[in-house]
$ cat input22.cif   # mmCIF, C-alpha atoms and all ligand atoms
data_target
loop_
_atom_site.group_PDB
_atom_site.id
_atom_site.type_symbol
_atom_site.label_atom_id
_atom_site.label_comp_id
_atom_site.auth_asym_id
_atom_site.auth_seq_id
_atom_site.Cartn_x
_atom_site.Cartn_y
_atom_site.Cartn_z
ATOM 1 C CA MET A 1 21.495 -42.412 29.181
ATOM 2 C CA GLU A 2 22.540 -39.762 31.720
ATOM 3 C CA SER A 3 26.079 -39.646 30.377
ATOM 4 C CA ILE A 4 24.970 -38.806 26.825
ATOM 5 C CA GLY A 5 25.544 -35.149 26.019
ATOM 6 C CA VAL A 6 22.605 -33.366 24.378
ATOM 7 C CA LEU A 7 22.925 -29.828 23.075
ATOM 8 C CA MET A 8 19.732 -27.774 23.003
ATOM 9 C CA ALA A 9 20.215 -25.061 20.389
ATOM 10 C CA CYS A 10 17.833 -22.444 21.817
ATOM 11 C CA PRO A 11 14.997 -22.208 24.345
ATOM 12 C CA MET A 12 11.890 -23.921 22.943
ATOM 13 C CA ASN A 13 9.659 -25.668 25.464
ATOM 14 C CA PRO A 14 9.973 -25.929 29.267
ATOM 15 C CA TYR A 15 8.597 -29.499 29.411
ATOM 16 C CA LEU A 16 11.035 -30.682 26.744
ATOM 17 C CA GLU A 17 13.918 -28.938 28.493
ATOM 18 C CA GLN A 18 12.999 -30.489 31.830
ATOM 19 C CA GLU A 19 12.674 -34.001 30.365
ATOM 20 C CA LEU A 20 15.970 -33.706 28.470
ATOM 21 C CA HIS A 21 17.611 -32.551 31.696
ATOM 22 C CA LYS A 22 16.217 -35.605 33.542
ATOM 23 C CA ARG A 23 17.339 -38.132 30.928
ATOM 24 C CA PHE A 24 20.616 -36.784 29.504
ATOM 25 C CA THR A 25 23.461 -34.392 30.258
ATOM 26 C CA LEU A 26 21.764 -31.315 28.871
ATOM 27 C CA HIS A 27 23.709 -28.308 27.578
ATOM 28 C CA ARG A 28 21.750 -25.120 26.925
ATOM 29 C CA PHE A 29 23.661 -23.534 24.048
ATOM 30 C CA TRP A 30 21.974 -20.132 24.311
ATOM 31 C CA LYS A 31 23.254 -19.761 27.886
ATOM 32 C CA VAL A 32 26.854 -20.414 26.876
ATOM 33 C CA PRO A 33 28.824 -17.144 26.784
ATOM 34 C CA ASP A 34 31.864 -18.405 24.857
ATOM 35 C CA LYS A 35 30.534 -20.902 22.323
ATOM 36 C CA SER A 36 33.835 -21.795 20.752
ATOM 37 C CA THR A 37 35.514 -22.689 24.082
ATOM 38 C CA PHE A 38 32.400 -24.620 25.081
ATOM 39 C CA LEU A 39 32.491 -26.654 21.865
ATOM 40 C CA THR A 40 36.176 -27.438 22.276
ATOM 41 C CA THR A 41 35.523 -28.632 25.841
ATOM 42 C CA HIS A 42 32.386 -30.714 25.156
ATOM 43 C CA CYS A 43 32.791 -31.818 21.525
ATOM 44 C CA ASN A 44 33.559 -35.411 22.481
ATOM 45 C CA SER A 45 30.534 -35.942 24.707
ATOM 46 C CA ILE A 46 27.751 -34.289 22.690
ATOM 47 C CA ARG A 47 25.944 -36.975 20.689
ATOM 48 C CA ALA A 48 22.658 -35.212 19.964
ATOM 49 C CA VAL A 49 21.465 -31.735 19.030
ATOM 50 C CA VAL A 50 17.897 -30.604 19.635
ATOM 51 C CA GLY A 51 16.896 -27.683 17.436
ATOM 52 C CA ASN A 52 13.745 -25.973 16.187
ATOM 53 C CA ALA A 53 12.546 -23.424 13.636
ATOM 54 C CA SER A 54 14.901 -20.757 15.014
ATOM 55 C CA ALA A 55 18.121 -22.686 15.546
ATOM 56 C CA GLY A 56 19.218 -26.109 14.394
ATOM 57 C CA ALA A 57 22.501 -27.549 13.211
ATOM 58 C CA ASP A 58 24.411 -25.787 10.450
ATOM 59 C CA ALA A 59 27.569 -27.106 8.795
ATOM 60 C CA GLN A 60 29.803 -25.245 11.264
ATOM 61 C CA LEU A 61 28.129 -26.771 14.330
ATOM 62 C CA ILE A 62 28.077 -30.238 12.772
ATOM 63 C CA GLU A 63 31.799 -29.978 11.968
ATOM 64 C CA ALA A 64 32.510 -28.881 15.544
ATOM 65 C CA LEU A 65 30.816 -31.990 17.001
ATOM 66 C CA PRO A 66 32.689 -35.113 15.812
ATOM 67 C CA LYS A 67 30.591 -37.452 18.015
ATOM 68 C CA LEU A 68 27.236 -36.102 16.810
ATOM 69 C CA GLU A 69 24.852 -38.957 15.926
ATOM 70 C CA ILE A 70 21.422 -37.364 15.726
ATOM 71 C CA VAL A 71 19.739 -33.997 15.218
ATOM 72 C CA ALA A 72 16.177 -34.098 16.589
ATOM 73 C CA SER A 73 14.176 -31.059 15.580
ATOM 74 C CA PHE A 74 11.292 -29.690 17.626
ATOM 75 C CA SER A 75 9.650 -28.591 14.359
ATOM 76 C CA VAL A 76 8.377 -30.046 11.125
ATOM 77 C CA GLY A 77 10.451 -27.568 9.101
ATOM 78 C CA LEU A 78 14.057 -28.609 8.548
ATOM 79 C CA ASP A 79 15.462 -25.426 7.053
ATOM 80 C CA LYS A 80 17.763 -24.773 10.011
ATOM 81 C CA ILE A 81 19.521 -28.123 9.569
ATOM 82 C CA ASP A 82 22.208 -28.813 6.984
ATOM 83 C CA LEU A 83 20.631 -32.037 5.734
ATOM 84 C CA ALA A 84 23.304 -32.669 3.087
ATOM 85 C CA LYS A 85 26.043 -32.471 5.714
ATOM 86 C CA CYS A 86 24.086 -34.818 8.005
ATOM 87 C CA LYS A 87 23.668 -37.330 5.171
ATOM 88 C CA GLU A 88 27.348 -37.108 4.298
ATOM 89 C CA LYS A 89 28.371 -37.767 7.912
ATOM 90 C CA GLY A 90 25.752 -40.452 8.624
ATOM 91 C CA ILE A 91 24.009 -38.263 11.226
ATOM 92 C CA ARG A 92 20.337 -39.122 11.715
ATOM 93 C CA VAL A 93 17.724 -36.362 11.551
ATOM 94 C CA THR A 94 14.168 -36.382 12.928
ATOM 95 C CA ASN A 95 11.351 -33.812 12.976
ATOM 96 C CA THR A 96 7.816 -33.501 14.364
ATOM 97 C CA PRO A 97 5.375 -34.006 11.479
ATOM 98 C CA ASP A 98 1.613 -34.742 11.730
ATOM 99 C CA VAL A 99 1.145 -33.738 15.372
ATOM 100 C CA LEU A 100 1.132 -30.028 14.443
ATOM 101 C CA THR A 101 -0.736 -30.202 11.120
ATOM 102 C CA GLU A 102 -4.168 -29.389 12.548
ATOM 103 C CA ASP A 103 -3.025 -26.429 14.628
ATOM 104 C CA VAL A 104 -1.176 -24.833 11.725
ATOM 105 C CA ALA A 105 -4.135 -25.385 9.373
ATOM 106 C CA ASP A 106 -6.548 -23.995 11.984
ATOM 107 C CA LEU A 107 -4.376 -20.911 12.311
ATOM 108 C CA ALA A 108 -4.260 -20.405 8.543
ATOM 109 C CA ILE A 109 -8.068 -20.331 8.428
ATOM 110 C CA GLY A 110 -8.050 -18.056 11.489
ATOM 111 C CA LEU A 111 -5.755 -15.641 9.659
ATOM 112 C CA MET A 112 -8.007 -15.655 6.573
ATOM 113 C CA LEU A 113 -11.024 -14.779 8.720
ATOM 114 C CA ALA A 114 -9.043 -12.251 10.754
ATOM 115 C CA VAL A 115 -7.829 -10.386 7.670
ATOM 116 C CA LEU A 116 -11.072 -10.448 5.653
ATOM 117 C CA ARG A 117 -13.422 -9.776 8.576
ATOM 118 C CA LYS A 118 -10.922 -7.414 10.260
ATOM 119 C CA LEU A 119 -11.235 -9.234 13.587
ATOM 120 C CA CYS A 120 -8.245 -7.587 15.265
ATOM 121 C CA GLU A 121 -9.160 -4.133 13.990
ATOM 122 C CA SER A 122 -12.761 -4.427 15.153
ATOM 123 C CA ASP A 123 -11.621 -5.713 18.548
ATOM 124 C CA ARG A 124 -9.479 -2.575 18.857
ATOM 125 C CA TYR A 125 -12.512 -0.531 17.785
ATOM 126 C CA VAL A 126 -14.558 -1.827 20.710
ATOM 127 C CA ARG A 127 -11.747 -1.501 23.249
ATOM 128 C CA SER A 128 -10.987 2.080 22.303
ATOM 129 C CA GLY A 129 -14.625 3.121 22.807
ATOM 130 C CA LYS A 130 -15.102 4.072 19.149
ATOM 131 C CA TRP A 131 -18.236 1.901 18.831
ATOM 132 C CA LYS A 132 -20.175 4.457 20.890
ATOM 133 C CA LYS A 133 -19.508 7.019 18.167
ATOM 134 C CA GLY A 134 -20.611 4.858 15.263
ATOM 135 C CA ASN A 135 -20.820 1.374 13.795
ATOM 136 C CA TYR A 136 -17.766 -0.413 12.445
ATOM 137 C CA MET A 137 -17.117 -0.447 8.686
ATOM 138 C CA LEU A 138 -18.266 -3.311 6.480
ATOM 139 C CA THR A 139 -15.724 -6.029 5.804
ATOM 140 C CA THR A 140 -15.191 -8.786 3.196
ATOM 141 C CA LYS A 141 -16.979 -12.147 3.029
ATOM 142 C CA PHE A 142 -14.786 -15.239 3.442
ATOM 143 C CA THR A 143 -17.164 -18.061 2.426
ATOM 144 C CA GLY A 144 -16.717 -18.943 -1.228
ATOM 145 C CA LYS A 145 -13.429 -17.108 -1.794
ATOM 146 C CA ARG A 146 -10.988 -18.858 -4.135
ATOM 147 C CA VAL A 147 -8.105 -20.244 -2.057
ATOM 148 C CA GLY A 148 -4.764 -20.949 -3.750
ATOM 149 C CA ILE A 149 -2.252 -23.006 -1.799
ATOM 150 C CA ILE A 150 1.498 -23.131 -2.418
ATOM 151 C CA GLY A 151 2.583 -26.588 -1.236
ATOM 152 C CA LEU A 152 -0.020 -29.330 -0.991
ATOM 153 C CA GLY A 153 1.701 -31.446 1.636
ATOM 154 C CA ARG A 154 0.195 -32.467 4.969
ATOM 155 C CA ILE A 155 -0.444 -28.887 6.123
ATOM 156 C CA GLY A 156 -1.559 -27.648 2.686
ATOM 157 C CA MET A 157 -4.089 -30.496 2.453
ATOM 158 C CA ALA A 158 -5.411 -29.789 5.948
ATOM 159 C CA ILE A 159 -5.922 -26.121 5.001
ATOM 160 C CA ALA A 160 -7.682 -27.162 1.776
ATOM 161 C CA LYS A 161 -10.013 -29.483 3.675
ATOM 162 C CA ARG A 162 -10.964 -26.719 6.106
ATOM 163 C CA ALA A 163 -11.411 -24.099 3.362
ATOM 164 C CA GLU A 164 -13.668 -26.515 1.457
ATOM 165 C CA ALA A 165 -16.019 -26.446 4.441
ATOM 166 C CA PHE A 166 -16.332 -22.693 3.763
ATOM 167 C CA SER A 167 -17.280 -23.501 0.118
ATOM 168 C CA CYS A 168 -13.956 -22.149 -1.136
ATOM 169 C CA PRO A 169 -12.799 -23.481 -4.525
ATOM 170 C CA ILE A 170 -9.249 -24.780 -4.018
ATOM 171 C CA SER A 171 -6.290 -24.648 -6.371
ATOM 172 C CA TYR A 172 -2.607 -25.206 -5.716
ATOM 173 C CA HIS A 173 0.954 -25.051 -6.903
ATOM 174 C CA SER A 174 3.616 -27.592 -6.059
ATOM 175 C CA ARG A 175 6.677 -29.024 -7.775
ATOM 176 C CA THR A 176 4.595 -31.745 -9.365
ATOM 177 C CA GLU A 177 0.888 -32.251 -9.915
ATOM 178 C CA LYS A 178 -0.810 -34.488 -7.332
ATOM 179 C CA THR A 179 -2.948 -36.957 -9.229
ATOM 180 C CA GLU A 180 -4.750 -38.035 -6.058
ATOM 181 C CA THR A 181 -6.564 -34.680 -5.600
ATOM 182 C CA LYS A 182 -9.318 -33.019 -7.565
ATOM 183 C CA TYR A 183 -7.991 -29.511 -6.823
ATOM 184 C CA LYS A 184 -6.877 -27.439 -9.790
ATOM 185 C CA TYR A 185 -3.113 -27.478 -10.334
ATOM 186 C CA TYR A 186 -1.116 -24.490 -11.577
ATOM 187 C CA PRO A 187 2.453 -25.203 -12.672
ATOM 188 C CA SER A 188 3.290 -21.523 -12.090
ATOM 189 C CA VAL A 189 2.870 -19.568 -8.837
ATOM 190 C CA VAL A 190 2.068 -16.382 -10.792
ATOM 191 C CA GLU A 191 -0.817 -18.166 -12.521
ATOM 192 C CA LEU A 192 -2.057 -19.532 -9.201
ATOM 193 C CA ALA A 193 -1.933 -16.030 -7.675
ATOM 194 C CA ALA A 194 -3.800 -14.559 -10.649
ATOM 195 C CA ASN A 195 -6.590 -17.100 -10.176
ATOM 196 C CA CYS A 196 -7.243 -16.923 -6.447
ATOM 197 C CA ASP A 197 -8.491 -14.434 -3.851
ATOM 198 C CA ILE A 198 -6.426 -15.806 -0.968
ATOM 199 C CA LEU A 199 -2.927 -17.146 -1.553
ATOM 200 C CA VAL A 200 -1.525 -19.346 1.222
ATOM 201 C CA VAL A 201 2.139 -20.288 1.656
ATOM 202 C CA ALA A 202 2.307 -23.811 3.093
ATOM 203 C CA CYS A 203 5.399 -25.336 1.498
ATOM 204 C CA SER A 204 8.724 -26.105 3.128
ATOM 205 C CA LEU A 205 11.593 -23.638 2.826
ATOM 206 C CA THR A 206 14.317 -24.742 0.420
ATOM 207 C CA GLU A 207 16.611 -22.892 -1.978
ATOM 208 C CA GLU A 208 13.891 -23.373 -4.637
ATOM 209 C CA THR A 209 11.083 -21.896 -2.527
ATOM 210 C CA ARG A 210 13.011 -18.925 -1.045
ATOM 211 C CA HIS A 211 11.157 -15.772 -2.220
ATOM 212 C CA ILE A 212 8.608 -17.916 -4.057
ATOM 213 C CA VAL A 213 6.264 -14.996 -3.372
ATOM 214 C CA ASN A 214 7.983 -12.156 -5.237
ATOM 215 C CA ARG A 215 6.863 -8.900 -6.847
ATOM 216 C CA LYS A 216 5.350 -10.717 -9.854
ATOM 217 C CA VAL A 217 3.297 -13.030 -7.636
ATOM 218 C CA ILE A 218 2.139 -10.122 -5.456
ATOM 219 C CA ASP A 219 1.089 -8.142 -8.535
ATOM 220 C CA ALA A 220 -0.761 -11.166 -9.906
ATOM 221 C CA LEU A 221 -2.637 -11.541 -6.592
ATOM 222 C CA GLY A 222 -3.711 -7.934 -7.005
ATOM 223 C CA ALA A 223 -5.356 -5.148 -5.041
ATOM 224 C CA LYS A 224 -8.130 -7.371 -3.662
ATOM 225 C CA GLY A 225 -5.956 -10.421 -2.996
ATOM 226 C CA VAL A 226 -4.844 -11.570 0.439
ATOM 227 C CA LEU A 227 -1.586 -13.357 1.277
ATOM 228 C CA ILE A 228 -1.436 -15.794 4.191
ATOM 229 C CA ASN A 229 1.981 -17.047 5.302
ATOM 230 C CA ILE A 230 2.159 -19.874 7.833
ATOM 231 C CA GLY A 231 5.330 -21.304 6.230
ATOM 232 C CA ARG A 232 8.573 -19.408 6.705
ATOM 233 C CA GLY A 233 9.377 -15.703 6.446
ATOM 234 C CA PRO A 234 11.944 -16.132 3.628
ATOM 235 C CA HIS A 235 9.255 -17.626 1.368
ATOM 236 C CA VAL A 236 8.200 -14.029 0.775
ATOM 237 C CA ASP A 237 10.243 -11.123 -0.533
ATOM 238 C CA GLU A 238 9.357 -9.051 2.520
ATOM 239 C CA PRO A 239 10.328 -5.536 1.318
ATOM 240 C CA GLU A 240 8.201 -6.156 -1.809
ATOM 241 C CA LEU A 241 5.263 -7.298 0.319
ATOM 242 C CA VAL A 242 5.591 -4.316 2.654
ATOM 243 C CA SER A 243 5.552 -1.789 -0.206
ATOM 244 C CA ALA A 244 2.609 -3.578 -1.863
ATOM 245 C CA LEU A 245 0.667 -3.402 1.406
ATOM 246 C CA VAL A 246 1.579 0.229 2.073
ATOM 247 C CA GLU A 247 0.660 1.215 -1.509
ATOM 248 C CA ARG A 248 -2.505 -0.935 -1.356
ATOM 249 C CA ARG A 249 -1.413 -2.882 -4.439
ATOM 250 C CA ILE A 250 -2.418 -5.996 -2.468
ATOM 251 C CA GLY A 251 -5.584 -6.331 -0.412
ATOM 252 C CA GLY A 252 -4.098 -7.611 2.830
ATOM 253 C CA ALA A 253 -1.903 -10.156 4.558
ATOM 254 C CA GLY A 254 -2.043 -12.532 7.491
ATOM 255 C CA LEU A 255 1.487 -13.350 8.583
ATOM 256 C CA ASP A 256 2.631 -15.812 11.234
ATOM 257 C CA VAL A 257 6.259 -15.710 10.065
ATOM 258 C CA PHE A 258 8.728 -13.022 9.002
ATOM 259 C CA GLU A 259 11.960 -12.902 7.099
ATOM 260 C CA HIS A 260 14.063 -11.765 10.070
ATOM 261 C CA GLU A 261 11.807 -12.761 12.979
ATOM 262 C CA PRO A 262 11.371 -11.701 15.705
ATOM 263 C CA GLU A 263 12.097 -8.484 13.784
ATOM 264 C CA VAL A 264 8.936 -7.319 12.008
ATOM 265 C CA PRO A 265 8.994 -4.386 9.551
ATOM 266 C CA GLU A 266 7.628 -1.396 11.477
ATOM 267 C CA GLU A 267 5.821 -0.083 8.378
ATOM 268 C CA LEU A 268 3.311 -2.897 8.968
ATOM 269 C CA PHE A 269 2.354 -1.773 12.467
ATOM 270 C CA GLY A 270 0.082 1.066 11.357
ATOM 271 C CA LEU A 271 -1.750 -0.872 8.619
ATOM 272 C CA ASP A 272 -5.346 -2.055 9.085
ATOM 273 C CA ASN A 273 -5.089 -4.629 6.279
ATOM 274 C CA VAL A 274 -2.581 -6.906 8.020
ATOM 275 C CA VAL A 275 -2.725 -9.338 10.925
ATOM 276 C CA LEU A 276 0.655 -10.088 12.488
ATOM 277 C CA LEU A 277 1.334 -13.131 14.670
ATOM 278 C CA PRO A 278 4.528 -14.156 16.512
ATOM 279 C CA HIS A 279 5.115 -17.556 14.790
ATOM 280 C CA VAL A 280 2.487 -19.440 16.786
ATOM 281 C CA GLY A 281 1.239 -21.948 14.179
ATOM 282 C CA SER A 282 1.953 -24.967 16.374
ATOM 283 C CA GLY A 283 1.738 -23.008 19.618
ATOM 284 C CA THR A 284 -0.912 -24.832 21.628
ATOM 285 C CA VAL A 285 -0.279 -26.631 24.916
ATOM 286 C CA GLU A 286 -1.479 -29.927 23.437
ATOM 287 C CA THR A 287 0.600 -29.798 20.276
ATOM 288 C CA ARG A 288 3.818 -28.545 21.833
ATOM 289 C CA LYS A 289 3.585 -31.433 24.351
ATOM 290 C CA ALA A 290 3.083 -33.920 21.482
ATOM 291 C CA MET A 291 6.049 -32.380 19.620
ATOM 292 C CA ALA A 292 8.235 -32.632 22.737
ATOM 293 C CA ASP A 293 7.224 -36.277 23.237
ATOM 294 C CA LEU A 294 8.218 -37.009 19.637
ATOM 295 C CA VAL A 295 11.645 -35.429 20.140
ATOM 296 C CA LEU A 296 12.141 -37.465 23.335
ATOM 297 C CA GLY A 297 10.834 -40.638 21.664
ATOM 298 C CA ASN A 298 13.195 -40.231 18.734
ATOM 299 C CA LEU A 299 16.216 -39.670 20.968
ATOM 300 C CA GLU A 300 15.335 -42.622 23.157
ATOM 301 C CA ALA A 301 14.791 -44.878 20.124
ATOM 302 C CA HIS A 302 18.107 -43.822 18.636
ATOM 303 C CA PHE A 303 20.150 -44.438 21.771
ATOM 304 C CA LEU A 304 18.403 -47.795 22.374
ATOM 305 C CA ASN A 305 19.131 -48.835 18.771
ATOM 306 C CA LYS A 306 15.438 -48.970 17.929
ATOM 307 C CA PRO A 307 13.785 -47.614 14.756
ATOM 308 C CA LEU A 308 13.306 -43.839 14.823
ATOM 309 C CA LEU A 309 9.697 -42.622 15.131
ATOM 310 C CA THR A 310 9.879 -39.864 12.506
ATOM 311 C CA PRO A 311 13.136 -40.172 10.568
ATOM 312 C CA VAL A 312 14.101 -37.702 7.854
ATOM 313 C CA VAL A 313 17.709 -38.743 7.283
HETATM 314 C C1 LIG B 401 7.672 -24.138 15.713
HETATM 315 C C2 LIG B 401 7.575 -24.619 13.195
HETATM 316 O O1 LIG B 401 7.628 -22.773 15.574
HETATM 317 O O2 LIG B 401 7.290 -26.941 13.063
HETATM 318 C C3 LIG B 401 7.767 -25.944 12.537
HETATM 319 O O3 LIG B 401 8.405 -25.995 11.486
HETATM 320 O O4 LIG B 401 7.833 -23.606 12.648
HETATM 321 C C4 LIG B 401 6.969 -24.592 14.571
HETATM 322 O O5 LIG B 401 6.223 -25.662 14.872
HETATM 323 C C5 LIG B 401 8.906 -24.237 16.444
HETATM 324 O O6 LIG B 401 9.883 -25.027 15.969
HETATM 325 C C6 LIG B 401 8.695 -24.325 17.940
HETATM 326 O O7 LIG B 401 9.791 -23.916 18.619
#
$ encode --input "input22.cif" --output "structure tokens" --more "lines below"
Ligand code: 8YV
Amino acid sequence: MESIGVLMACPMNPYLEQELHKRFTLHRFWKVPDKSTFLTTHCNSIRAVVGNASAGADAQLIEALPKLEIVASFSVGLDKIDLAKCKEKGIRVTNTPDVLTEDVADLAIGLMLAVLRKLCESDRYVRSGKWKKGNYMLTTKFTGKRVGIIGLGRIGMAIAKRAEAFSCPISYHSRTEKTETKYKYYPSVVELAANCDILVVACSLTEETRHIVNRKVIDALGAKGVLINIGRGPHVDEPELVSALVERRIGGAGLDVFEHEPEVPEELFGLDNVVLLPHVGSGTVETRKAMADLVLGNLEAHFLNKPLLTPVV
């Protein structure tokens, strides 16, 4: 397989990069100074693109690679891939579902606890020596809070299961009601937000779910409500969220993703009611290795004419 050209869209994981380099002719797109000349030179040898949550394969890249057969994403989210274009051209697409579900769900619960119990703030309190001058303020109980989940897929369900262990009543919004769960369904996100204490974004990013958390939803969540986003930044109307947090019209937020990451609105930096993470939902050694192995397994299966491990298209 050494002669097969594989284009890695951006840096993602050293083990994956090393294995791709061993098995294929690997091109690191982010290191290429003149992308258009590079594509003209290599367009007939590149048969696979490996992308992730930051860079994938848009229509322009797909059009520039006439020999492209497969886009293997090092992510479960597919929002950086033009799926319609791939379908139209018969290009296969794979992602990395299941292996990251637990880590992302764990992190969502971690964010809930961090925001309500002010874990990061109280850590800073100890480090700065303030404890010697007085005890830390009281915080908010997590157990029993009403958790509303947008998107009850694999990750949403894993969050629900964990939150249930904290005696949290669970409700959700999704395109259609899931008859197989006992959780309360709200056909409208505003209604869900009005009836929960913690609203979690766990759906995939599509044109329909872009800005699914808007001013109306934020207002419905209210001054005591907390927003947790482990989905994608563009799920939330970020300027609206920032002003709601600054004006204390919303209780707090735990954010692993941002609309223009790695750019994070600076207004958030001075707030004690937010916890900000650098998109690390799946970022454990174990899970990133499992994700990399899935990408490699899918590529190998494709080029050996075997069934793909986790096909999307
Ligand atoms: C990763 C993700 O951030 O799976 C997803 O959709 O957002 C993450 O697991 C990422 O693709 C790793 O580079």
$ residues_around --input "input22.cif" --residues "Pro311 in chain A" --least-positions-apart "4" --cutoff "8 Å" --atoms "only C-alpha atoms" --output "ChimeraX atom specification"
/A:92-95
$ closest_atom_pairs --input "input22.cif" --of "chain A" --to "ligand LIG 401 (chain B)" --cutoff "10 Å" --atoms "all atoms listed in the file" --output "CSV"
residue,atom,partner,partner_atom,distance
A:Cys10,CA,B:LIG401,O7,8.8
A:Pro11,CA,B:LIG401,O7,7.9
A:Met12,CA,B:LIG401,O7,4.8
A:Asn13,CA,B:LIG401,O7,7.1
A:Gly51,CA,B:LIG401,O6,7.6
A:Asn52,CA,B:LIG401,O6,4.0
A:Ala53,CA,B:LIG401,O6,3.9
A:Ser54,CA,B:LIG401,O6,6.7
A:Ala55,CA,B:LIG401,O6,8.6
A:Gly56,CA,B:LIG401,O6,9.5
A:Ser73,CA,B:LIG401,O6,7.4
A:Phe74,CA,B:LIG401,O6,5.1
A:Ser75,CA,B:LIG401,O2,3.2
A:Val76,CA,B:LIG401,O2,3.8
A:Gly77,CA,B:LIG401,O3,3.5
A:Leu78,CA,B:LIG401,O3,6.9
A:Asp79,CA,B:LIG401,O3,8.4
A:Lys80,CA,B:LIG401,O3,9.6
A:Asn95,CA,B:LIG401,O2,8.0
A:Thr96,CA,B:LIG401,O2,6.7
A:Pro97,CA,B:LIG401,O2,7.5
A:Asp98,CA,B:LIG401,O2,9.7
A:Val99,CA,B:LIG401,O2,9.4
A:Leu100,CA,B:LIG401,O5,6.7
A:Thr101,CA,B:LIG401,O2,8.9
A:Asp103,CA,B:LIG401,O5,9.3
A:Val104,CA,B:LIG401,O5,8.1
A:Ser204,CA,B:LIG401,O3,8.4
A:Leu205,CA,B:LIG401,O3,9.5
A:Ile230,CA,B:LIG401,O4,8.3
A:Gly231,CA,B:LIG401,O4,7.3
A:Arg232,CA,B:LIG401,O4,7.3
A:Asp256,CA,B:LIG401,O4,9.5
A:Val257,CA,B:LIG401,O4,8.5
A:Pro278,CA,B:LIG401,O1,9.2
A:His279,CA,B:LIG401,O1,5.8
A:Val280,CA,B:LIG401,O1,6.2
A:Gly281,CA,B:LIG401,O5,6.3
A:Ser282,CA,B:LIG401,O5,4.6
A:Gly283,CA,B:LIG401,O5,7.0
A:Thr284,CA,B:LIG401,O5,9.9
A:Thr287,CA,B:LIG401,O5,8.8
A:Arg288,CA,B:LIG401,C6,7.5
A:Met291,CA,B:LIG401,O5,8.2
A:Ala292,CA,B:LIG401,C6,9.6
$ resolve_selection --input "input22.cif" --expression "the PyMOL selection byres (((chain A and resi 251) around 7) and not hetatm)" --output "number ranges by chain"
A: 223-226, 248-250, 252, 273
$ residues_near_point --input "input22.cif" --point "(25.2, -35.7, 23.8)" --cutoff "6 Å" --atoms "all atoms listed in the file" --output "list in words"
Ile4, Gly5, Val6, Ser45, Ile46, Arg47 and Ala48 of chain A
$ resolve_selection --input "input22.cif" --expression "the PyMOL selection byres (((chain A and resi 140) around 7) and not hetatm)" --output "list in words"
Leu116, Arg117, Thr139, Lys141 and Phe142 of chain A
$ axis_aligned_box --input "input22.cif" --around "range 271-283 of chain A" --padding-each-side "4 Å" --output "AutoDock Vina command-line options"
--center_x -0.1 --center_y -12.9 --center_z 12.9 --size_x 18.5 --size_y 32.1 --size_z 21.3
$ residues_near_point --input "input22.cif" --point "(-5.8, -34.6, 2.8)" --cutoff "12 Å" --atoms "all atoms listed in the file" --output "ChimeraX atom specification"
/A:98,101-102,105,152-164,178,180-183
$ closest_residue --input "input22.cif" --among "A:Pro239, A:Ser3, A:Val275, A:Ala64" --to "Thr37 in chain A" --atoms "all atoms listed in the file"
A:Ala64
$ residues_around --input "input22.cif" --residues "Val274 in chain A" --least-positions-apart "5" --cutoff "10 Å" --atoms "all atoms listed in the file" --output "compact mmCIF listing (two decimals) with C-alpha atoms, in the frame of the given file"
# COMPACT_ATOMS: atom_id res chain seq x y z
CA LEU A 111 -5.76 -15.64 9.66
CA ALA A 114 -9.04 -12.25 10.75
CA VAL A 115 -7.83 -10.39 7.67
CA LEU A 116 -11.07 -10.45 5.65
CA LYS A 118 -10.92 -7.41 10.26
CA CYS A 120 -8.24 -7.59 15.26
CA GLU A 121 -9.16 -4.13 13.99
CA VAL A 226 -4.84 -11.57 0.44
CA LEU A 227 -1.59 -13.36 1.28
CA ILE A 228 -1.44 -15.79 4.19
CA LEU A 245 0.67 -3.40 1.41
CA GLY A 251 -5.58 -6.33 -0.41
CA GLY A 252 -4.10 -7.61 2.83
CA ALA A 253 -1.90 -10.16 4.56
CA GLY A 254 -2.04 -12.53 7.49
CA LEU A 255 1.49 -13.35 8.58
CA LEU A 268 3.31 -2.90 8.97
CA PHE A 269 2.35 -1.77 12.47
$ resolve_selection --input "input22.cif" --expression "the PyMOL selection byres (((chain A and resi 65-70) around 9) and not hetatm)" --output "list in words"
Leu39, Thr40, His42, Cys43, Asn44, Ser45, Ile46, Arg47, Ala48, Val49, Val50, Gln60, Leu61, Ile62, Glu63, Ala64, Val71, Ala72, Cys86, Lys89, Gly90, Ile91, Arg92, Val93, Thr94, Leu299 and His302 of chain A
$ closest_residue --input "input22.cif" --among "A:Glu259, A:Glu191, A:Glu240, A:Asp197" --to "Ile170 in chain A" --atoms "all atoms listed in the file"
A:Asp197
$ closest_residue --input "input22.cif" --among "A:Val295, A:Val313, A:Ala84, A:Val32" --to "Tyr15 in chain A" --atoms "only C-alpha atoms"
A:Val295
$ atom_distance --input "input22.cif" --atom1 "CA of Cys203 in chain A" --atom2 "CA of Ala57 in chain A"
20.8 Å
$ atom_distance --input "input22.cif" --atom1 "CA of His173 in chain A" --atom2 "CA of Gly148 in chain A"
7.7 Å
$ atom_distance --input "input22.cif" --atom1 "CA of Glu207 in chain A" --atom2 "CA of Glu88 in chain A"
18.9 Å
$ closest_residue --input "input22.cif" --among "A:Asn229, A:Thr310, A:Asn305, A:Thr41" --to "Ala108 in chain A" --atoms "all atoms listed in the file"
A:Asn229
